[in-house]
$ cat run_28.csv   # CSV, C-alpha atoms and all ligand atoms
chain,number,residue,atom,x,y,z
A,343,MET,CA,96.3,114.8,124.1
A,344,ILE,CA,99.8,116.1,123.5
A,345,ASP,CA,100.1,113.7,120.5
A,346,GLU,CA,96.9,115.2,119.1
A,347,LYS,CA,98.2,118.8,119.6
A,348,ILE,CA,101.5,118.0,117.9
A,349,LEU,CA,99.7,116.3,115.1
A,350,SER,CA,97.4,119.2,114.6
A,351,ILE,CA,100.2,121.7,114.4
A,352,LEU,CA,102.2,119.6,112.0
A,353,ARG,CA,99.1,119.0,109.8
A,354,ASN,CA,98.6,122.7,109.4
A,355,ASN,CA,102.2,123.2,108.3
A,356,THR,CA,103.0,120.3,106.0
A,357,GLU,CA,104.7,122.6,103.5
A,358,SER,CA,107.4,123.7,106.0
A,359,TYR,CA,109.2,122.5,109.1
A,360,VAL,CA,107.9,123.4,112.6
A,361,SER,CA,110.7,124.2,115.0
A,362,SER,CA,110.9,122.4,118.3
A,363,GLU,CA,110.7,125.8,120.1
A,364,ASP,CA,107.4,126.4,118.4
A,365,LEU,CA,106.1,123.0,119.3
A,366,CYS,CA,107.3,123.4,123.0
A,367,GLU,CA,105.6,126.8,123.2
A,368,LYS,CA,102.3,125.6,121.7
A,369,THR,CA,102.0,122.4,123.7
A,370,GLY,CA,103.7,123.5,127.0
A,371,VAL,CA,106.1,120.5,127.1
A,372,THR,CA,109.9,120.1,126.9
A,373,ARG,CA,111.9,119.4,123.7
A,374,THR,CA,112.6,115.8,125.1
A,375,ALA,CA,108.9,115.3,125.5
A,376,ILE,CA,108.2,116.5,122.0
A,377,TRP,CA,110.7,114.1,120.7
A,378,LYS,CA,109.1,111.2,122.6
A,379,HIS,CA,105.7,112.1,121.3
A,380,VAL,CA,107.0,112.3,117.8
A,381,GLU,CA,108.5,108.8,118.2
A,382,LYS,CA,105.2,107.5,119.4
A,383,LEU,CA,103.4,109.0,116.4
A,384,ARG,CA,106.0,107.4,114.1
A,385,GLN,CA,105.2,104.0,115.8
A,386,ASP,CA,101.5,104.6,114.9
A,387,GLY,CA,102.5,105.0,111.3
A,388,TYR,CA,102.9,108.7,110.9
A,389,GLU,CA,105.9,109.6,108.7
A,390,ILE,CA,107.5,112.6,110.4
A,391,GLU,CA,110.8,114.1,109.1
A,392,ALA,CA,113.1,115.5,111.7
A,393,SER,CA,115.8,117.9,110.7
A,394,PRO,CA,118.4,119.0,113.3
A,395,HIS,CA,118.1,122.7,114.2
A,396,ILE,CA,115.1,123.1,111.9
A,397,GLY,CA,112.3,121.0,113.3
A,398,TYR,CA,109.7,118.5,112.3
A,399,ARG,CA,107.5,118.0,109.2
A,400,LEU,CA,104.6,115.7,108.6
A,401,VAL,CA,105.2,113.7,105.4
A,402,SER,CA,102.4,111.2,105.4
A,403,ILE,CA,99.7,109.8,107.6
A,404,PRO,CA,99.0,106.1,108.1
A,405,ASP,CA,96.0,104.4,106.5
A,406,SER,CA,94.7,103.3,109.9
A,407,LEU,CA,91.1,103.8,110.8
A,408,ILE,CA,91.9,105.5,114.1
A,409,PRO,CA,89.5,108.0,115.7
A,410,ASP,CA,91.8,111.1,115.2
A,411,GLU,CA,92.1,110.4,111.5
A,412,VAL,CA,88.4,109.8,111.0
A,413,LYS,CA,87.5,113.0,112.9
A,414,TRP,CA,90.1,115.2,111.1
A,415,LYS,CA,88.2,117.7,109.0
A,416,LEU,CA,85.2,115.4,109.0
A,417,LYS,CA,82.2,117.5,107.8
A,418,THR,CA,79.4,116.0,109.9
A,419,LYS,CA,77.3,117.4,112.7
A,420,PHE,CA,76.9,114.2,114.8
A,421,LEU,CA,77.8,111.1,112.8
A,422,GLY,CA,81.4,110.0,113.6
A,423,ARG,CA,81.9,112.7,116.2
A,424,SER,CA,82.5,109.8,118.6
A,425,VAL,CA,84.5,107.0,117.1
A,426,ILE,CA,85.8,103.8,118.7
A,427,SER,CA,88.2,101.7,116.8
A,428,TYR,CA,89.6,98.3,117.4
A,429,LYS,CA,92.4,96.1,115.9
A,430,LYS,CA,90.2,93.0,115.9
A,431,VAL,CA,86.7,92.2,117.1
A,432,ASP,CA,84.2,89.5,116.4
A,433,SER,CA,81.8,91.9,114.7
A,434,THR,CA,81.6,95.7,114.8
A,435,ASN,CA,77.8,95.3,114.7
A,436,ASN,CA,77.8,93.3,118.0
A,437,ILE,CA,80.0,95.9,119.7
A,438,ALA,CA,77.9,98.8,118.4
A,439,TYR,CA,74.7,97.0,119.6
A,440,GLN,CA,76.1,96.5,123.1
A,441,LEU,CA,77.2,100.1,123.2
A,442,ALA,CA,73.8,101.3,122.1
A,443,GLU,CA,72.2,99.2,124.8
A,444,LYS,CA,74.3,101.1,127.3
A,445,GLY,CA,73.0,104.3,125.9
A,446,VAL,CA,75.9,105.8,123.9
A,447,LYS,CA,75.1,108.9,121.8
A,448,GLU,CA,73.5,108.8,118.4
A,449,GLY,CA,76.1,109.0,115.7
A,450,THR,CA,78.7,106.8,117.6
A,451,VAL,CA,80.8,104.8,115.1
A,452,VAL,CA,82.6,101.5,115.7
A,453,LEU,CA,85.5,100.5,113.4
A,454,ALA,CA,87.8,97.5,113.3
A,455,GLU,CA,90.8,96.6,111.2
A,456,GLU,CA,89.7,93.0,111.3
A,457,GLN,CA,86.6,90.9,112.2
A,458,ALA,CA,86.8,87.3,113.4
A,459,LYS,CA,83.1,86.7,112.8
A,460,GLY,CA,81.9,89.5,110.5
A,461,LYS,CA,78.1,89.0,110.1
A,462,GLY,CA,76.4,89.1,106.7
A,463,ARG,CA,72.7,88.9,105.8
A,464,HIS,CA,70.8,85.7,106.3
A,465,GLY,CA,73.4,84.4,108.9
A,466,ARG,CA,76.2,84.4,106.4
A,467,LEU,CA,79.8,85.2,107.3
A,468,TRP,CA,81.3,88.5,106.0
A,469,THR,CA,85.0,87.9,105.0
A,470,SER,CA,86.9,90.6,107.0
A,471,PRO,CA,90.6,90.2,106.7
A,472,SER,CA,93.0,92.7,108.4
A,473,LYS,CA,93.7,96.0,106.7
A,474,GLY,CA,92.1,95.3,103.4
A,475,GLY,CA,88.6,96.5,104.1
A,476,ILE,CA,86.4,98.8,106.0
A,477,TYR,CA,84.3,97.2,108.8
A,478,MET,CA,82.1,99.9,110.3
A,479,SER,CA,78.9,100.1,112.4
A,480,CYS,CA,77.0,103.4,112.9
A,481,ILE,CA,74.5,103.9,115.7
A,482,LEU,CA,71.4,105.9,114.8
A,483,LYS,CA,68.2,106.6,116.7
A,484,PRO,CA,65.6,107.6,114.1
A,485,SER,CA,62.0,108.4,115.0
A,486,ILE,CA,60.6,105.7,112.8
A,487,THR,CA,58.6,102.5,113.2
A,488,PRO,CA,60.3,99.1,112.9
A,489,ASN,CA,58.7,98.4,109.5
A,490,GLU,CA,60.4,101.5,108.1
A,491,ILE,CA,63.9,100.0,108.7
A,492,PRO,CA,64.3,99.0,105.1
A,493,LYS,CA,64.3,102.7,104.2
A,494,ILE,CA,67.4,103.2,106.3
A,495,THR,CA,69.2,100.3,104.7
A,496,LEU,CA,68.4,101.7,101.2
A,497,LEU,CA,69.5,105.2,102.3
A,498,ALA,CA,72.8,103.7,103.5
A,499,ALA,CA,73.3,102.0,100.1
A,500,VAL,CA,72.8,105.3,98.4
A,501,ALA,CA,75.4,106.9,100.7
A,502,VAL,CA,77.9,104.2,100.1
A,503,ALA,CA,77.5,104.1,96.3
A,504,LYS,CA,77.8,107.8,96.1
A,505,SER,CA,80.9,107.8,98.3
A,506,ILE,CA,82.7,105.1,96.2
A,507,ARG,CA,82.0,107.1,93.1
A,508,GLN,CA,83.2,110.3,94.6
A,509,VAL,CA,86.5,108.9,96.0
A,510,THR,CA,87.4,106.3,93.3
A,511,ALA,CA,85.4,107.4,90.2
A,512,LEU,CA,84.4,103.7,89.8
A,513,GLY,CA,80.9,103.2,88.5
A,514,ALA,CA,79.4,101.8,91.8
A,515,THR,CA,75.8,100.6,91.5
A,516,ILE,CA,73.2,99.4,94.0
A,517,LYS,CA,71.8,95.9,93.7
A,518,TRP,CA,68.6,95.6,95.7
A,519,PRO,CA,68.3,95.8,98.6
A,520,ASN,CA,71.7,96.8,99.8
A,521,ASP,CA,74.6,95.4,97.9
A,522,ILE,CA,77.0,97.7,96.2
A,523,GLN,CA,78.6,96.4,93.1
A,524,VAL,CA,81.3,97.4,90.7
A,525,ASN,CA,81.3,95.7,87.3
A,526,HIS,CA,78.6,93.4,88.6
A,527,LYS,CA,80.8,92.2,91.4
A,528,LYS,CA,79.9,92.8,95.1
A,529,VAL,CA,82.3,95.2,96.8
A,530,CYS,CA,80.1,96.2,99.8
A,531,GLY,CA,77.3,94.8,102.0
A,532,ILE,CA,75.1,96.4,104.5
A,533,LEU,CA,73.5,94.8,107.5
A,534,THR,CA,71.1,96.8,109.5
A,535,GLU,CA,70.1,95.5,113.0
A,536,MET,CA,67.8,97.2,115.5
A,537,LYS,CA,66.3,97.2,118.9
A,538,ALA,CA,62.6,98.1,118.9
A,539,GLU,CA,59.5,98.1,121.0
A,540,GLN,CA,56.2,97.2,119.4
A,541,ASP,CA,55.9,100.3,117.3
A,542,ALA,CA,59.0,102.4,118.1
A,543,VAL,CA,62.7,101.9,117.2
A,544,ASP,CA,65.0,102.2,120.2
A,545,PHE,CA,68.2,102.3,118.1
A,546,ILE,CA,69.6,100.9,114.9
A,547,VAL,CA,73.0,99.7,114.0
A,548,ILE,CA,74.0,100.1,110.3
A,549,GLY,CA,76.9,97.7,109.6
A,550,ILE,CA,78.8,98.5,106.5
A,551,GLY,CA,81.5,96.2,105.0
A,552,ILE,CA,83.5,97.5,102.1
A,553,ASN,CA,86.2,95.5,100.3
A,554,VAL,CA,88.7,98.3,99.6
A,555,ASN,CA,92.2,96.8,99.1
A,556,THR,CA,91.3,93.2,99.8
A,557,PRO,CA,93.1,90.9,97.4
A,558,GLN,CA,90.8,88.9,95.1
A,559,LYS,CA,92.1,85.5,96.4
A,560,MET,CA,90.7,86.3,99.9
A,561,LEU,CA,87.2,87.1,98.7
A,562,PRO,CA,84.3,84.7,98.0
A,563,ARG,CA,83.1,84.0,94.5
A,564,GLY,CA,81.2,86.9,92.9
A,565,ALA,CA,82.9,89.5,95.2
A,566,SER,CA,85.7,91.9,94.4
A,567,SER,CA,87.4,94.9,96.0
A,568,LEU,CA,87.7,98.5,94.9
A,569,LYS,CA,91.4,98.1,94.3
A,570,GLU,CA,90.9,95.0,92.1
A,571,GLU,CA,88.3,96.9,90.0
A,572,CYS,CA,90.6,100.0,89.7
A,573,ARG,CA,93.4,97.8,88.5
A,574,SER,CA,94.2,98.6,84.9
A,575,GLY,CA,97.7,97.2,84.7
A,576,ARG,CA,99.3,94.5,86.9
A,577,LYS,CA,100.0,96.8,89.9
A,578,ALA,CA,97.7,99.3,91.5
A,579,GLU,CA,98.1,101.7,94.4
A,580,ASP,CA,96.2,101.1,97.7
A,581,ILE,CA,93.0,103.2,98.0
A,582,PRO,CA,93.0,105.3,101.1
A,583,ARG,CA,90.3,103.7,103.3
A,584,ILE,CA,90.2,106.7,105.6
A,585,GLU,CA,88.9,108.9,102.7
A,586,ILE,CA,86.1,106.4,102.0
A,587,VAL,CA,85.1,106.2,105.7
A,588,LYS,CA,84.8,109.9,105.9
A,589,LYS,CA,82.9,110.3,102.7
A,590,VAL,CA,80.5,107.5,103.8
A,591,LEU,CA,79.9,109.2,107.1
A,592,GLU,CA,79.3,112.6,105.5
A,593,ASN,CA,76.9,111.2,102.8
A,594,LEU,CA,75.1,108.9,105.3
A,595,GLU,CA,74.4,111.8,107.6
A,596,SER,CA,73.2,114.1,104.9
A,597,GLU,CA,70.9,111.3,103.5
A,598,TYR,CA,69.6,110.7,107.0
A,599,LEU,CA,68.9,114.3,107.6
A,600,MET,CA,67.2,114.5,104.2
A,601,LEU,CA,64.9,111.6,105.3
A,602,SER,CA,63.8,113.4,108.4
A,603,LYS,CA,63.3,116.7,106.5
A,604,HIS,CA,61.8,115.7,103.2
A,605,GLY,CA,60.7,112.1,103.7
A,606,PHE,CA,61.7,109.0,101.6
A,607,ASP,CA,60.7,110.1,98.1
A,608,PRO,CA,64.0,112.0,97.2
A,609,ILE,CA,66.0,109.0,98.5
A,610,ILE,CA,64.1,106.6,96.4
A,611,GLU,CA,64.8,108.8,93.4
A,612,GLU,CA,68.5,108.7,94.2
A,613,TRP,CA,68.4,105.0,94.8
A,614,LYS,CA,67.0,104.6,91.3
A,615,HIS,CA,69.8,106.7,89.9
A,616,TYR,CA,72.5,104.6,91.5
A,617,SER,CA,70.8,101.2,90.9
A,618,ASN,CA,71.3,99.4,87.6
A,619,MET,CA,68.2,97.2,88.2
A,620,LEU,CA,65.2,98.9,86.7
A,621,GLY,CA,64.1,96.8,83.7
A,622,ALA,CA,66.6,94.0,84.5
A,623,ARG,CA,65.7,90.3,84.5
A,624,ILE,CA,66.2,88.7,87.9
A,625,LYS,CA,65.9,85.4,89.7
A,626,VAL,CA,64.1,85.7,93.0
A,627,ALA,CA,64.6,83.2,95.8
A,628,LEU,CA,61.9,83.4,98.5
A,629,PRO,CA,61.3,80.8,101.2
A,630,GLY,CA,59.9,77.8,99.3
A,631,ARG,CA,59.5,79.6,96.0
A,632,ASN,CA,62.0,80.5,93.2
A,633,PHE,CA,61.0,82.4,90.0
A,634,GLU,CA,62.2,84.7,87.2
A,635,ALA,CA,60.9,88.2,86.8
A,636,GLN,CA,61.6,91.6,85.5
A,637,VAL,CA,62.2,94.6,87.8
A,638,TYR,CA,59.4,97.1,87.3
A,639,ASP,CA,60.0,99.6,90.1
A,640,ILE,CA,60.8,100.2,93.7
A,641,ASP,CA,57.9,101.3,95.8
A,642,LYS,CA,57.6,104.1,98.3
A,643,ASN,CA,58.7,101.8,101.2
A,644,GLY,CA,61.7,100.4,99.4
A,645,ALA,CA,60.1,97.1,98.3
A,646,LEU,CA,61.0,95.8,94.9
A,647,VAL,CA,58.2,95.6,92.4
A,648,VAL,CA,58.6,92.9,89.8
A,649,ARG,CA,56.6,91.8,86.8
A,650,LEU,CA,56.0,88.0,86.6
A,651,GLU,CA,55.9,86.1,83.4
A,652,SER,CA,52.1,86.3,83.6
A,653,GLY,CA,52.3,90.1,83.6
A,654,VAL,CA,51.2,90.3,87.2
A,655,LEU,CA,53.1,92.7,89.4
A,656,GLU,CA,54.4,91.5,92.8
A,657,ARG,CA,56.1,93.3,95.6
A,658,ILE,CA,59.1,91.8,97.3
A,659,SER,CA,60.2,93.2,100.6
A,660,SER,CA,62.9,90.7,101.6
A,661,GLY,CA,64.7,87.9,99.9
A,662,ASP,CA,67.6,87.1,97.7
A,663,ILE,CA,67.8,88.1,94.1
A,664,LEU,CA,70.2,87.2,91.3
A,665,MET,CA,70.7,89.3,88.2
A,666,VAL,CA,70.2,87.3,85.0
A,667,ARG,CA,72.6,88.4,82.3
A,701,LIG,C1,75.8,91.4,103.6
A,701,LIG,O1,75.6,90.2,103.8
A,701,LIG,O2,75.8,91.8,102.4
A,701,LIG,C2,76.0,92.4,104.7
A,701,LIG,C3,77.4,92.4,105.1
A,701,LIG,C4,77.6,93.4,106.3
A,701,LIG,C5,79.1,93.4,106.8
A,701,LIG,C6,79.4,94.4,107.8
A,701,LIG,S1,81.1,94.6,108.1
A,701,LIG,C7,80.7,95.7,109.4
A,701,LIG,C8,79.5,95.2,110.1
A,701,LIG,N1,79.8,94.2,111.1
A,701,LIG,C9,79.4,93.0,110.8
A,701,LIG,O3,79.6,92.0,111.5
A,701,LIG,N2,78.7,93.0,109.7
A,701,LIG,C10,78.7,94.3,109.1
$ encode --input "run_28.csv" --output "structure tokens" --more "lines below"
Ligand code: BTN
Amino acid sequence: MIDEKILSILRNNTESYVSSEDLCEKTGVTRTAIWKHVEKLRQDGYEIEASPHIGYRLVSIPDSLIPDEVKWKLKTKFLGRSVISYKKVDSTNNIAYQLAEKGVKEGTVVLAEEQAKGKGRHGRLWTSPSKGGIYMSCILKPSITPNEIPKITLLAAVAVAKSIRQVTALGATIKWPNDIQVNHKKVCGILTEMKAEQDAVDFIVIGIGINVNTPQKMLPRGASSLKEECRSGRKAEDIPRIEIVKKVLENLESEYLMLSKHGFDPIIEEWKHYSNMLGARIKVALPGRNFEAQVYDIDKNGALVVRLESGVLERISSGDILMVR
């Protein structure tokens, strides 16, 4: 609590020093206590300059996905208002699912610096090394039926693609249903899980994994990270993960509110804008059947409509696809 207060005062005065007297007065603790709290903040990675007789100044913040940093100036109504972050977990989706079962608020977000068993689609493993990426799960409680869940996944893909473009200026695109690519390489995956009754959704967990600063050598074939794709020379700066997390939460909430206000049509239009798939030739892998086709459209429920060699149109609502180039 005192840490938060000190931090908030220093954040609002980064251009100048804040005297110890000022900090004591505003927090109600002694000079020695202020000094101890500053030390603690330094250990958490905050760079705080201390000048004798003048005071303290915040120089830089750590790129840790801690709740205070996520919530600082976050422009959302409910998403990310409650954040729980961990150093290492098996899977943030599992933690979020357990919390949702216990009845935590809609909008609760679980973050981890590392996942031991990050879950991907179709039972695959999601490579989740420490510090390089964002591993985040958001709990939502939409009033939709279970068969509408793909809409939420598509909506999340729009929010992530938009956020990556806004923060990094990289040309992020969506590959159906929910991969985000940069230069045709996968930089983000989304795994939506839910608990539902027959015809009503109890809650959903949207798991988002973004390779931000992860070195290429740690990633599987066909994948990359934002930093790798930003690299123009040999060396590139780390991309601040916290900015991406906040942007994703803001965009995800506004897409979600748009869905409840205006339905799915405007989201499909945005999805088309961020996707590079319409007209593309693809390979489709369905259980027991593989074929090539051309992407014709995406329908009002988020299914991919493809044109087969024969000219017949077919709807695909789940499965793996590969872009043919
Ligand atoms: C995919 O296969 O493309 C989906 C990958 C989803 C990975 C994220 S990382 C955060 C969340 N926790 C998990 O265990 N999985 C998702």
$ atom_distance --input "run_28.csv" --atom1 "CA of Lys461 (chain A)" --atom2 "CA of Ile532 (chain A)"
9.8 Å
$ atom_distance --input "run_28.csv" --atom1 "CA of Ile624 (chain A)" --atom2 "CA of Gly462 (chain A)"
21.4 Å
$ closest_residue --input "run_28.csv" --among "A:Leu400, A:Val529, A:Leu591, A:Ile581" --to "Cys480 (chain A)" --atoms "all atoms listed in the file"
A:Leu591
$ closest_residue --input "run_28.csv" --among "A:Ile486, A:Leu601, A:Val554, A:Ile403" --to "ligand LIG 701 (chain A)" --atoms "all atoms listed in the file"
A:Val554
$ residues_near_ligand --input "run_28.csv" --ligand "ligand LIG 701 (chain A)" --cutoff "7 Å" --atoms "all atoms listed in the file" --output "MDAnalysis selection string"
chainID A and resid 433:436 459:463 466 468 477:479 520:521 530:533 549:551
$ atom_distance --input "run_28.csv" --atom1 "CA of Ile344 (chain A)" --atom2 "CA of Trp414 (chain A)"
15.8 Å
$ closest_residue --input "run_28.csv" --among "A:Ser350, A:Asn632, A:Gln440, A:Thr487" --to "Lys413 (chain A)" --atoms "only C-alpha atoms"
A:Ser350
$ closest_residue --input "run_28.csv" --among "A:His526, A:Lys483, A:Arg649, A:His604" --to "Leu620 (chain A)" --atoms "only C-alpha atoms"
A:Arg649
$ residues_around --input "run_28.csv" --residues "region 611-613 of chain A" --least-positions-apart "4" --cutoff "7 Å" --atoms "all atoms listed in the file" --output "PDB file with C-alpha atoms, keeping the file's coordinate frame"
ATOM      1  CA  VAL A 500      72.800 105.300  98.400  1.00  0.00           C
ATOM      2  CA  ASP A 607      60.700 110.100  98.100  1.00  0.00           C
ATOM      3  CA  SER A 617      70.800 101.200  90.900  1.00  0.00           C
TER       4      SER A 617
END
$ closest_residue --input "run_28.csv" --among "A:Met536, A:Val524, A:Val509, A:Ile584" --to "Ala438 (chain A)" --atoms "all atoms listed in the file"
A:Met536
$ closest_residue --input "run_28.csv" --among "A:Val425, A:Glu381, A:Ser602, A:Pro582" --to "Pro404 (chain A)" --atoms "all atoms listed in the file"
A:Pro582
$ residues_around --input "run_28.csv" --residues "Gly653 (chain A)" --least-positions-apart "6" --cutoff "12 Å" --atoms "only C-alpha atoms" --output "number ranges by chain"
A: 634-638, 647
$ write_last_selection --input "run_28.csv" --atoms "C-alpha atoms" --output "short mmCIF file (atom, residue, chain, number, x, y, z; two decimals), keeping the file's coordinate frame"
data_model
loop_
_atom_site.label_atom_id
_atom_site.label_comp_id
_atom_site.auth_asym_id
_atom_site.auth_seq_id
_atom_site.Cartn_x
_atom_site.Cartn_y
_atom_site.Cartn_z
CA GLU A 634 62.20 84.70 87.20
CA ALA A 635 60.90 88.20 86.80
CA GLN A 636 61.60 91.60 85.50
CA VAL A 637 62.20 94.60 87.80
CA TYR A 638 59.40 97.10 87.30
CA VAL A 647 58.20 95.60 92.40
#
$ residues_near_point --input "run_28.csv" --point "(70.0, 84.7, 91.9)" --cutoff "8 Å" --atoms "only C-alpha atoms" --output "ChimeraX atom specification"
/A:624-627,662-666
$ residues_around --input "run_28.csv" --residues "Asp410 (chain A)" --least-positions-apart "4" --cutoff "12 Å" --atoms "all atoms listed in the file" --output "VMD selection string"
chain A and resid 343 345 to 347 349 to 350 383 386 403 to 406 414 to 416 422 to 427 584 588
$ residues_around --input "run_28.csv" --residues "Ile522 (chain A)" --least-positions-apart "5" --cutoff "12 Å" --atoms "all atoms listed in the file" --output "number ranges by chain"
A: 495-496, 498-507, 512-517, 527-532, 550-553, 565-568, 613, 616-619
$ build_atoms --input "run_28.csv" --residues "region 583-597 of chain A" --atoms "N, CA and C atoms" --output "mmCIF file, in the frame of the given file"
data_model
loop_
_atom_site.group_PDB
_atom_site.id
_atom_site.type_symbol
_atom_site.label_atom_id
_atom_site.label_comp_id
_atom_site.auth_asym_id
_atom_site.auth_seq_id
_atom_site.Cartn_x
_atom_site.Cartn_y
_atom_site.Cartn_z
ATOM 1 N N ARG A 583 91.621 104.078 102.658
ATOM 2 C CA ARG A 583 90.300 103.700 103.300
ATOM 3 C C ARG A 583 89.741 104.844 104.073
ATOM 4 N N ILE A 584 90.638 105.638 104.690
ATOM 5 C CA ILE A 584 90.200 106.700 105.600
ATOM 6 C C ILE A 584 89.282 107.704 104.780
ATOM 7 N N GLU A 585 89.662 107.957 103.520
ATOM 8 C CA GLU A 585 88.900 108.900 102.700
ATOM 9 C C GLU A 585 87.476 108.341 102.460
ATOM 10 N N ILE A 586 87.422 107.037 102.241
ATOM 11 C CA ILE A 586 86.100 106.400 102.000
ATOM 12 C C ILE A 586 85.274 106.460 103.258
ATOM 13 N N VAL A 587 85.875 106.133 104.411
ATOM 14 C CA VAL A 587 85.100 106.200 105.700
ATOM 15 C C VAL A 587 84.522 107.544 105.890
ATOM 16 N N LYS A 588 85.327 108.587 105.693
ATOM 17 C CA LYS A 588 84.800 109.900 105.900
ATOM 18 C C LYS A 588 83.720 110.318 104.976
ATOM 19 N N LYS A 589 83.906 109.989 103.730
ATOM 20 C CA LYS A 589 82.900 110.300 102.700
ATOM 21 C C LYS A 589 81.584 109.566 103.057
ATOM 22 N N VAL A 590 81.697 108.291 103.454
ATOM 23 C CA VAL A 590 80.500 107.500 103.800
ATOM 24 C C VAL A 590 79.767 108.190 104.957
ATOM 25 N N LEU A 591 80.519 108.596 105.977
ATOM 26 C CA LEU A 591 79.900 109.200 107.100
ATOM 27 C C LEU A 591 79.198 110.527 106.736
ATOM 28 N N GLU A 592 79.856 111.312 105.900
ATOM 29 C CA GLU A 592 79.300 112.600 105.500
ATOM 30 C C GLU A 592 78.009 112.371 104.641
ATOM 31 N N ASN A 593 78.099 111.439 103.698
ATOM 32 C CA ASN A 593 76.900 111.200 102.800
ATOM 33 C C ASN A 593 75.799 110.522 103.620
ATOM 34 N N LEU A 594 76.172 109.617 104.530
ATOM 35 C CA LEU A 594 75.100 108.900 105.300
ATOM 36 C C LEU A 594 74.385 109.926 106.181
ATOM 37 N N GLU A 595 75.129 110.816 106.799
ATOM 38 C CA GLU A 595 74.400 111.800 107.600
ATOM 39 C C GLU A 595 73.550 112.720 106.788
ATOM 40 N N SER A 596 74.031 113.119 105.624
ATOM 41 C CA SER A 596 73.200 114.100 104.900
ATOM 42 C C SER A 596 71.937 113.335 104.314
ATOM 43 N N GLU A 597 72.046 112.053 103.951
ATOM 44 C CA GLU A 597 70.900 111.300 103.500
ATOM 45 C C GLU A 597 69.868 111.140 104.670
#
